[in-house]
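> After the structure tokens below, expect a handful of questions from me.
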Amino acid sequence: MNAIIDRGWVGRLKRAPELNADSYGDFCEGMRAFIFGRLGATVKVEADATISKAKETGRPLERTNDVRALFDPVPVIATRNRMLRSAQEMMWRRYRESFQAHAATWESELASFDKKGPGTVTYDPAWDPPAYVKHPIHIQPGGYGGDPICGYWYHHASNVFFVGANTQDEYHLSLAKALRPPADGKVKRVIDLGCSIGQLTVTAKERFKDAEVTGLDVAAAQVRYAHKRAAELGVECHFVQRLAEDTKYPDGHFDMVTAFLLFHEVTLEAGRKIVAEAFRILRPGGVFNVFDFPTGFKSYDPYFRYFMEIDHTDNGEPYELDFIASDFDALLTKTGFTVERGAQDVMLARTTYAIKPA
Ligand SMILES: C[S@@+](CC[C@H](N)C(=O)[O-])C[C@H]1O[C@@H](n2cnc3c(N)ncnc32)[C@H](O)[C@@H]1O
């Protein structure tokens, strides 16, 4: 086994231990750029032509089986699906191999940061979370919490996923900017639900410097890496391993609650509980800032329906189809929130401000 070389940082991401892994990641990133760029443009032309022809001949387009029968045989669409799945498998495999080759080093680094500040991390190695959160979402081997050091390789793989735009917390900085504080401007405590490796937690703390900012995630591996990285950046955040539907905080404890891309990755039942929990832990006038897929469609564009179906089957997204078919705004309103829509979309995620009446 080769010795580990400290290859420094690129932006706010520590370089992978081997140049080889980063080069491989760069190749996967290129594949994704091609799939969503030049190939995507060709797919769009073919998909539009296929839909027009189907409409002319009166083919049904309503059900999943209808759109699969329509688009699956189109060569450029089949090529796109295969390449996307392969790029995803390749990015996980290479970064995972690279970090696992030195697993003991990263485990001891995490253990030493567990006890160091700024900030804190709290987790329970004996706790066994519910089965629904262990699904290998995005076909990540072991899911979000299966490998104790997965935070390291998740961070690099997510940079590939975001086509190279996750070295500076680019998306998270723009989300932090879009966060809406309560109307009275008082922000003492913020909690980021489903914080993963803590990028929104850190950027929220950088914006609300005087607030106590906490990141909560069900996966110990995620909050431990999140804490290590926040501490390395010198940003004081607190990370806890808990369920978003049962945070254990008192009523009215927080001024702001955030959740980026959490709801489409949980069951509808868990989603309902998380909304109720966010309402409970917010103080009157507090704001629940949600960034997630749009929901409540009356009808779908056939290719969008197909695209989501392929994401569901090929990219390990077991709950997203139920989520986009649900009416999230109605759930928020029924819980007691007043709902306002923000201007900003990040990836497929739209911005929702759910305000607890003062
Ligand atoms: C797509 S990631 C979220 C990305 C993250 N919010 C960010 O800013 O990059 C989803 C995260 O939600 C966590 N998660 C899933 N179900 C959860 C639950 N019921 N309670 C808390 N965290 C959960 C997963 O472990 C995972 O880290």
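Chain labels run A, B, ... following the order of the structure tokens; each chain numbers its residues from 1, and ligands are numbered from 1 in the order shown.
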Can I get the residues close to ligand 1 as a PyMOL selection string, where close means within 9 Å and we count only C-alpha atoms and all ligand atoms?
chain A and resi 129-130+132-134+137-138+143-145+158+171-172+175+192-201+216-223+241-247+258-267+270-271+274+291
> Mind listing the alpha helix (DSSP H) residues of stretch 59-296 of chain A, per DSSP on the backbone, as a PyMOL selection string?
chain A and resi 64-71+75-100+103-114+150-161+170-178+199-207+220-233+268-281
> Compare A:Val160, A:Ile139, A:Ala343, A:Met256 by their minimum atom-to-atom distance to A:Lys186, counting only C-alpha atoms, and give me the closest one.
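Of the candidates, the smallest distance to A:Lys186 is held by A:Met256.
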> May I have the residues within 9 Å of A:Pro357 as a ChimeraX atom specification, using only C-alpha atoms and disregarding those fewer than 6 positions away in the same chain?
/A:283-286,336-338
> Taking the chain letters and numbering used in this document, name the residues of stretch 28-245 of chain A that DSSP puts in strand (DSSP E), as a list in words.
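The residues of stretch 28-245 of chain A classed as strand (DSSP E) are Thr120, Val121, Thr122, Arg189, Val190, Ile191, Asp192, Leu193, Glu212, Val213, Thr214, Gly215, Leu216, Asp217, His238, Phe239, Val240 and Gln241 of chain A.
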